[in-house]
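Trainee: For reference, this is model.cif, and it has mmCIF, C-alpha atoms.
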data_start
loop_
_atom_site.label_atom_id
_atom_site.label_comp_id
_atom_site.auth_asym_id
_atom_site.auth_seq_id
_atom_site.Cartn_x
_atom_site.Cartn_y
_atom_site.Cartn_z
CA GLY K 479 -6.50 -6.22 -2.89
CA ALA K 480 -5.16 -7.55 0.36
CA VAL K 481 -1.57 -6.80 1.20
CA VAL K 482 0.96 -9.34 2.35
CA SER K 483 4.38 -8.13 3.38
CA GLN K 484 7.45 -10.29 3.58
CA HIS K 485 10.80 -9.53 5.15
CA PRO K 486 13.67 -9.65 4.41
CA SER K 487 13.67 -9.40 0.62
CA TRP K 488 17.24 -10.61 0.36
CA VAL K 489 19.40 -12.53 2.74
CA ILE K 490 22.85 -13.98 2.38
CA CYS K 491 24.14 -16.24 5.09
CA LYS K 492 26.90 -18.69 5.80
CA SER K 493 26.32 -22.39 5.67
CA GLY K 494 25.17 -23.74 9.02
CA THR K 495 23.42 -20.61 10.20
CA SER K 496 19.69 -20.12 10.61
CA VAL K 497 17.58 -17.56 8.82
CA LYS K 498 14.14 -16.30 9.77
CA ILE K 499 11.68 -14.92 7.23
CA GLU K 500 8.59 -13.03 8.31
CA CYS K 501 5.26 -12.85 6.54
CA ARG K 502 2.63 -10.36 7.62
CA SER K 503 -0.87 -9.70 6.45
CA LEU K 504 -1.18 -5.94 6.69
CA ASP K 505 -4.85 -5.20 6.25
CA PHE K 506 -6.60 -8.44 7.04
CA GLN K 507 -6.44 -11.41 9.38
CA ALA K 508 -5.09 -14.59 7.90
CA THR K 509 -5.85 -17.79 9.77
CA THR K 510 -3.95 -19.70 7.13
CA MET K 511 -0.78 -18.77 5.34
CA PHE K 512 1.18 -20.77 2.83
CA TRP K 513 4.92 -21.01 2.29
CA TYR K 514 6.24 -21.72 -1.16
CA ARG K 515 9.71 -22.24 -2.53
CA GLN K 516 10.70 -21.52 -6.09
CA PHE K 517 13.95 -22.56 -7.70
CA PRO K 518 15.12 -20.80 -10.86
CA LYS K 519 12.84 -21.43 -13.82
CA GLN K 520 10.68 -23.75 -11.75
CA SER K 521 7.15 -23.43 -10.52
CA LEU K 522 6.04 -22.56 -7.04
CA MET K 523 6.25 -25.56 -4.78
CA LEU K 524 4.17 -25.58 -1.63
CA MET K 525 6.30 -26.31 1.40
CA ALA K 526 3.81 -26.03 4.21
CA THR K 527 0.52 -24.64 5.35
CA SER K 528 0.76 -22.43 8.40
CA ASN K 529 -2.25 -22.39 10.70
CA GLU K 530 -2.68 -19.78 13.38
CA GLY K 531 -2.45 -21.32 16.81
CA SER K 532 -1.61 -24.83 15.67
CA LYS K 533 1.15 -26.82 14.05
CA ALA K 534 1.97 -26.31 10.43
CA THR K 535 1.13 -28.95 7.87
CA TYR K 536 4.15 -29.89 5.79
CA GLU K 537 4.16 -31.24 2.28
CA GLN K 538 5.78 -34.55 1.55
CA GLY K 539 9.52 -34.29 1.37
CA VAL K 540 9.77 -31.07 3.37
CA GLU K 541 11.65 -31.51 6.64
CA LYS K 542 9.68 -29.94 9.43
CA ASP K 543 12.69 -29.79 11.70
CA LYS K 544 14.64 -27.89 9.12
CA PHE K 545 11.93 -25.47 8.07
CA LEU K 546 10.34 -24.26 11.27
CA ILE K 547 7.05 -22.46 10.90
CA ASN K 548 5.40 -20.39 13.58
CA HIS K 549 2.02 -18.73 13.12
CA ALA K 550 1.67 -16.99 16.44
CA SER K 551 -0.94 -14.44 15.46
CA LEU K 552 -3.54 -13.81 12.81
CA THR K 553 -1.22 -11.45 10.99
CA LEU K 554 2.20 -13.04 11.30
CA SER K 555 3.79 -16.27 10.20
CA THR K 556 7.51 -16.95 10.27
CA LEU K 557 9.65 -19.48 8.44
CA THR K 558 13.03 -20.32 9.92
CA VAL K 559 15.50 -22.20 7.78
CA THR K 560 17.70 -23.94 10.31
CA SER K 561 21.29 -24.93 9.62
CA ALA K 562 21.03 -23.62 6.09
CA HIS K 563 23.08 -25.18 3.33
CA PRO K 564 23.77 -24.02 -0.23
CA GLU K 565 21.04 -26.30 -1.57
CA ASP K 566 18.53 -24.31 0.48
CA SER K 567 19.28 -21.26 -1.62
CA SER K 568 15.98 -20.37 -3.24
CA PHE K 569 13.18 -17.85 -3.51
CA TYR K 570 10.80 -18.27 -0.59
CA ILE K 571 7.36 -16.78 -0.94
CA CYS K 572 4.52 -16.63 1.54
CA SER K 573 0.90 -16.14 0.73
CA ALA K 574 -2.40 -15.75 2.46
CA ARG K 575 -6.02 -15.85 1.54
CA GLY K 576 -7.88 -12.74 2.50
CA ARG K 577 -10.79 -13.29 4.81
CA ALA K 578 -12.83 -10.62 3.10
CA GLY K 579 -14.82 -12.20 0.33
CA SER K 580 -14.78 -15.80 -0.73
CA THR K 581 -13.04 -15.61 -4.04
CA GLY K 582 -10.27 -17.88 -2.81
CA GLU K 583 -7.37 -16.12 -4.44
CA LEU K 584 -4.06 -16.01 -2.69
CA PHE K 585 -2.17 -12.82 -2.10
CA PHE K 586 1.56 -13.15 -2.17
CA GLY K 587 4.31 -11.47 -0.24
CA GLU K 588 7.19 -9.93 -2.12
CA GLY K 589 9.33 -13.01 -1.63
CA SER K 590 12.63 -13.57 0.10
CA ARG K 591 15.66 -14.60 -1.86
CA LEU K 592 17.97 -16.70 0.26
CA THR K 593 21.56 -17.32 -0.74
CA VAL K 594 23.57 -19.68 1.41
CA LEU K 595 27.31 -19.48 0.91
CA GLN H 592 -1.67 -36.55 -7.96
CA LYS H 593 -3.34 -33.31 -8.80
CA GLU H 594 -1.56 -31.63 -11.69
CA VAL H 595 -1.71 -28.41 -13.60
CA GLU H 596 -0.03 -28.38 -16.98
CA GLN H 597 1.18 -25.43 -18.98
CA ASN H 598 3.37 -25.08 -22.02
CA SER H 599 6.58 -23.57 -20.73
CA GLY H 600 7.12 -21.50 -23.85
CA PRO H 601 8.57 -19.09 -24.51
CA LEU H 602 5.58 -17.74 -26.36
CA SER H 603 6.60 -14.84 -28.51
CA VAL H 604 4.05 -12.41 -29.96
CA PRO H 605 4.43 -9.03 -31.62
CA GLU H 606 3.23 -5.92 -29.86
CA GLY H 607 -0.48 -5.36 -30.42
CA ALA H 608 -1.24 -9.02 -31.09
CA ILE H 609 -3.35 -11.38 -29.03
CA ALA H 610 -1.44 -13.70 -26.72
CA SER H 611 -3.14 -16.98 -25.88
CA LEU H 612 -2.01 -18.91 -22.82
CA ASN H 613 -3.37 -22.36 -22.09
CA CYS H 614 -3.64 -24.57 -19.06
CA THR H 615 -5.06 -28.02 -18.34
CA TYR H 616 -5.73 -29.59 -14.98
CA SER H 617 -6.22 -33.16 -13.88
CA ASP H 618 -8.57 -32.90 -10.91
CA ARG H 619 -12.22 -32.75 -11.93
CA GLY H 620 -13.05 -31.56 -8.44
CA SER H 621 -11.25 -28.30 -9.09
CA GLN H 622 -13.47 -25.35 -8.45
CA SER H 623 -11.55 -22.13 -8.81
CA PHE H 624 -9.04 -21.10 -11.40
CA PHE H 625 -6.54 -18.30 -11.26
CA TRP H 626 -4.04 -16.61 -13.51
CA TYR H 627 -1.02 -14.98 -11.95
CA ARG H 628 1.71 -12.96 -13.61
CA GLN H 629 5.25 -13.23 -12.34
CA TYR H 630 8.03 -10.94 -13.45
CA SER H 631 11.56 -12.24 -13.15
CA GLY H 632 12.74 -12.13 -9.56
CA LYS H 633 9.36 -11.03 -8.25
CA SER H 634 6.50 -12.79 -6.55
CA PRO H 635 3.29 -13.62 -8.43
CA GLU H 636 0.50 -11.09 -8.75
CA LEU H 637 -3.09 -12.01 -9.44
CA ILE H 638 -4.50 -11.11 -12.83
CA MET H 639 -7.84 -12.87 -12.90
CA PHE H 640 -9.88 -15.66 -11.43
CA ILE H 641 -12.77 -17.60 -12.90
CA TYR H 642 -15.22 -20.12 -11.48
CA SER H 643 -17.87 -20.67 -14.10
CA ASN H 644 -17.70 -22.12 -17.56
CA GLY H 645 -17.37 -19.53 -20.27
CA ASP H 646 -15.53 -16.29 -20.64
CA LYS H 647 -14.68 -13.60 -18.15
CA GLU H 648 -13.30 -10.31 -19.36
CA ASP H 649 -11.32 -7.69 -17.48
CA GLY H 650 -9.80 -4.97 -19.59
CA ARG H 651 -7.37 -6.51 -22.04
CA PHE H 652 -7.56 -9.88 -20.32
CA THR H 653 -10.09 -12.63 -20.95
CA ALA H 654 -10.13 -15.87 -19.01
CA GLN H 655 -11.89 -18.85 -20.53
CA LEU H 656 -12.95 -21.95 -18.64
CA ASN H 657 -14.17 -25.28 -19.96
CA LYS H 658 -14.68 -27.69 -17.09
CA ALA H 659 -15.74 -30.55 -19.34
CA SER H 660 -12.39 -30.38 -21.09
CA GLN H 661 -10.56 -29.41 -17.91
CA TYR H 662 -9.09 -26.49 -19.71
CA VAL H 663 -8.58 -22.86 -18.81
CA SER H 664 -6.98 -20.15 -20.89
CA LEU H 665 -5.97 -16.54 -20.73
CA LEU H 666 -6.14 -14.19 -23.68
CA ILE H 667 -4.26 -10.92 -23.65
CA ARG H 668 -5.43 -8.47 -26.28
CA ASP H 669 -3.28 -5.66 -27.63
CA SER H 670 -0.21 -7.21 -26.05
CA GLN H 671 2.39 -4.78 -24.74
CA PRO H 672 6.09 -5.31 -24.03
CA SER H 673 5.24 -4.77 -20.37
CA ASP H 674 3.14 -7.92 -20.52
CA SER H 675 6.34 -9.92 -20.97
CA ALA H 676 6.45 -12.19 -17.94
CA THR H 677 5.75 -15.73 -16.84
CA TYR H 678 2.08 -16.51 -16.46
CA LEU H 679 1.09 -19.05 -13.85
CA CYS H 680 -2.11 -20.99 -13.93
CA ALA H 681 -3.39 -22.07 -10.51
CA VAL H 682 -6.23 -24.26 -9.41
CA SER H 683 -7.96 -24.86 -6.13
CA HIS H 684 -10.32 -27.63 -5.23
CA ARG H 685 -12.97 -28.37 -2.67
CA GLY H 686 -11.57 -29.56 0.58
CA SER H 687 -8.29 -27.75 0.36
CA GLN H 688 -7.35 -25.18 2.97
CA GLY H 689 -7.17 -22.57 0.29
CA ASN H 690 -3.95 -23.83 -1.16
CA LEU H 691 -3.52 -23.52 -4.89
CA ILE H 692 -1.83 -25.97 -7.21
CA PHE H 693 0.36 -24.10 -9.67
CA GLY H 694 1.47 -24.95 -13.14
CA LYS H 695 5.08 -24.35 -14.11
CA GLY H 696 4.12 -21.23 -16.00
CA THR H 697 4.34 -20.02 -19.56
CA LYS H 698 6.92 -17.42 -20.40
CA LEU H 699 5.48 -14.73 -22.65
CA SER H 700 7.65 -12.37 -24.66
CA VAL H 701 6.03 -9.42 -26.42
CA LYS H 702 8.28 -7.97 -29.08
CA PRO H 703 8.08 -4.24 -29.85
#
Any chance you could give the structure as structure tokens?
Mentor:
Amino acid sequence: GAVVSQHPSWVICKSGTSVKIECRSLDFQATTMFWYRQFPKQSLMLMATSNEGSKATYEQGVEKDKFLINHASLTLSTLTVTSAHPEDSSFYICSARGRAGSTGELFFGEGSRLTVL
Amino acid sequence: QKEVEQNSGPLSVPEGAIASLNCTYSDRGSQSFFWYRQYSGKSPELIMFIYSNGDKEDGRFTAQLNKASQYVSLLIRDSQPSDSATYLCAVSHRGSQGNLIFGKGTKLSVKP
């Protein structure tokens, strides 16, 4: 299946700093990528849809100025958590739908666990 | 509000038994249905997808879809301890950009 790589896997930062997470599609071009957040023992919650070459579409309740998304190329989307606070500590996961085939499944990155002290 | 419902479990089965995981969805316009497995601390990995009513088998896994009842299930035959994980049901619908709506997942525990 298609491969999506996410970096970093773990990040610990101080409150008030910004953290950037990268999501790359390694063997296919992804015009659309999705960013999810998952709190412990909770389901995946879609934060935003990242579209190559245009602005991201944010879900209700997600602050676009706090979670900056850039999809500058067909293989890279980045999520920047600005002025992070302890409540932003979570597991952030990106995903993409492979262009090959039309099965519609999403392929997930490995996830990035953010801990804000 | 489009919803996907799953019993959170935990569902405990003995090794070698059949594990049955169930999922219901609210949007009749849903078209594609997916089962993902998520180990603790890891991201989800796709197990199976199904589009048509009926059964779809892949190795020890069988997905079952009943659109009239808005119900999809996953059967795991000959369950192994390595199958212990949280299983996420996901649904997509026409008009979406490819986004999937996820259930909260069912935690499966296979006892040796």
Trainee: Please produce, as a Markdown table, a per-residue contact table for chain K versus chain H (criterion: any atom at most 7 Å away, all atoms listed in the file considered), showing the nearest atom pair and its distance in Å to one decimal, sorted by chain then residue number.
Mentor:
| residue | atom | partner | partner_atom | distance |
| --- | --- | --- | --- | --- |
| K:Gln520 | CA | H:Lys695 | CA | 6.1 |
| K:Ser521 | CA | H:Lys695 | CA | 4.2 |
| K:Leu522 | CA | H:Phe693 | CA | 6.4 |
| K:Ile571 | CA | H:Ser634 | CA | 6.9 |
| K:Arg575 | CA | H:Gly689 | CA | 6.9 |
| K:Gly582 | CA | H:Gly689 | CA | 6.4 |
| K:Phe586 | CA | H:Pro635 | CA | 6.5 |
| K:Gly587 | CA | H:Ser634 | CA | 6.8 |
| K:Glu588 | CA | H:Ser634 | CA | 5.3 |
| K:Gly589 | CA | H:Ser634 | CA | 5.7 |
Trainee: List the residues selected by the PyMOL selection byres ((chain K and resi 489) around 8) in the file shown, writing them as JSON, numbers by chain.
Mentor: {"K": [486, 487, 488, 490, 491, 590, 591, 592, 593]}
Trainee: Interatomic distance between atom CA of H:Gln655 and atom CA of K:Glu583?
Mentor: 16.9 Å
Trainee: List the spatial neighbours of K:Asp543 as number ranges by chain - criterion: any atom at most 10 Å away, only C-alpha atoms, same-chain residues fewer than 4 positions off excluded.
Mentor: K: 547, 558-560
Trainee: Generate the output file for the selected residues, C-alpha atoms, as a PDB file, in the frame of the given file.
Mentor:
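Writing the result to out.pdb gives the following:
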ATOM      1  CA  ILE K 547       7.050 -22.460  10.900  1.00  0.00           C
ATOM      2  CA  THR K 558      13.030 -20.320   9.920  1.00  0.00           C
ATOM      3  CA  VAL K 559      15.500 -22.200   7.780  1.00  0.00           C
ATOM      4  CA  THR K 560      17.700 -23.940  10.310  1.00  0.00           C
TER       5      THR K 560
END
Trainee: Report as a PDB file with C-alpha atoms, in the frame of the given file the residues that result from applying the PyMOL selection byres ((chain H and resi 611) around 9) to the structure here.
Mentor:
ATOM      1  CA  LEU H 602       5.580 -17.740 -26.360  1.00  0.00           C
ATOM      2  CA  ILE H 609      -3.350 -11.380 -29.030  1.00  0.00           C
ATOM      3  CA  ALA H 610      -1.440 -13.700 -26.720  1.00  0.00           C
ATOM      4  CA  LEU H 612      -2.010 -18.910 -22.820  1.00  0.00           C
ATOM      5  CA  ASN H 613      -3.370 -22.360 -22.090  1.00  0.00           C
ATOM      6  CA  SER H 664      -6.980 -20.150 -20.890  1.00  0.00           C
ATOM      7  CA  LEU H 665      -5.970 -16.540 -20.730  1.00  0.00           C
ATOM      8  CA  LEU H 666      -6.140 -14.190 -23.680  1.00  0.00           C
ATOM      9  CA  ILE H 667      -4.260 -10.920 -23.650  1.00  0.00           C
ATOM     10  CA  ARG H 668      -5.430  -8.470 -26.280  1.00  0.00           C
TER      11      ARG H 668
END
Trainee: Would you be able to write out as a ChimeraX atom specification which residues have an atom within 10 Å of (-3.6, -22.0, 12.4) in the file's coordinates, counting only C-alpha atoms?
Mentor: /K:508-511,527-535,548-552,555
Trainee: Can you tell me how far atom CA of K:Lys519 sits from atom CA of H:Leu699, in Å to one decimal?
Mentor: 13.3 Å
Trainee: I need the residue nearest H:Glu594 from this list: H:Gln661, H:Tyr630, H:Ser700, H:Leu656. Use all atoms listed in the file for the distance.
Mentor: H:Gln661
Trainee: Given the file above and the PyMOL selection byres ((chain K and resi 525) around 8), which residues are selected, and can you give them as an MDAnalysis selection string?
Mentor: chainID K and resid 512:515 523:524 526:527 536:537 540
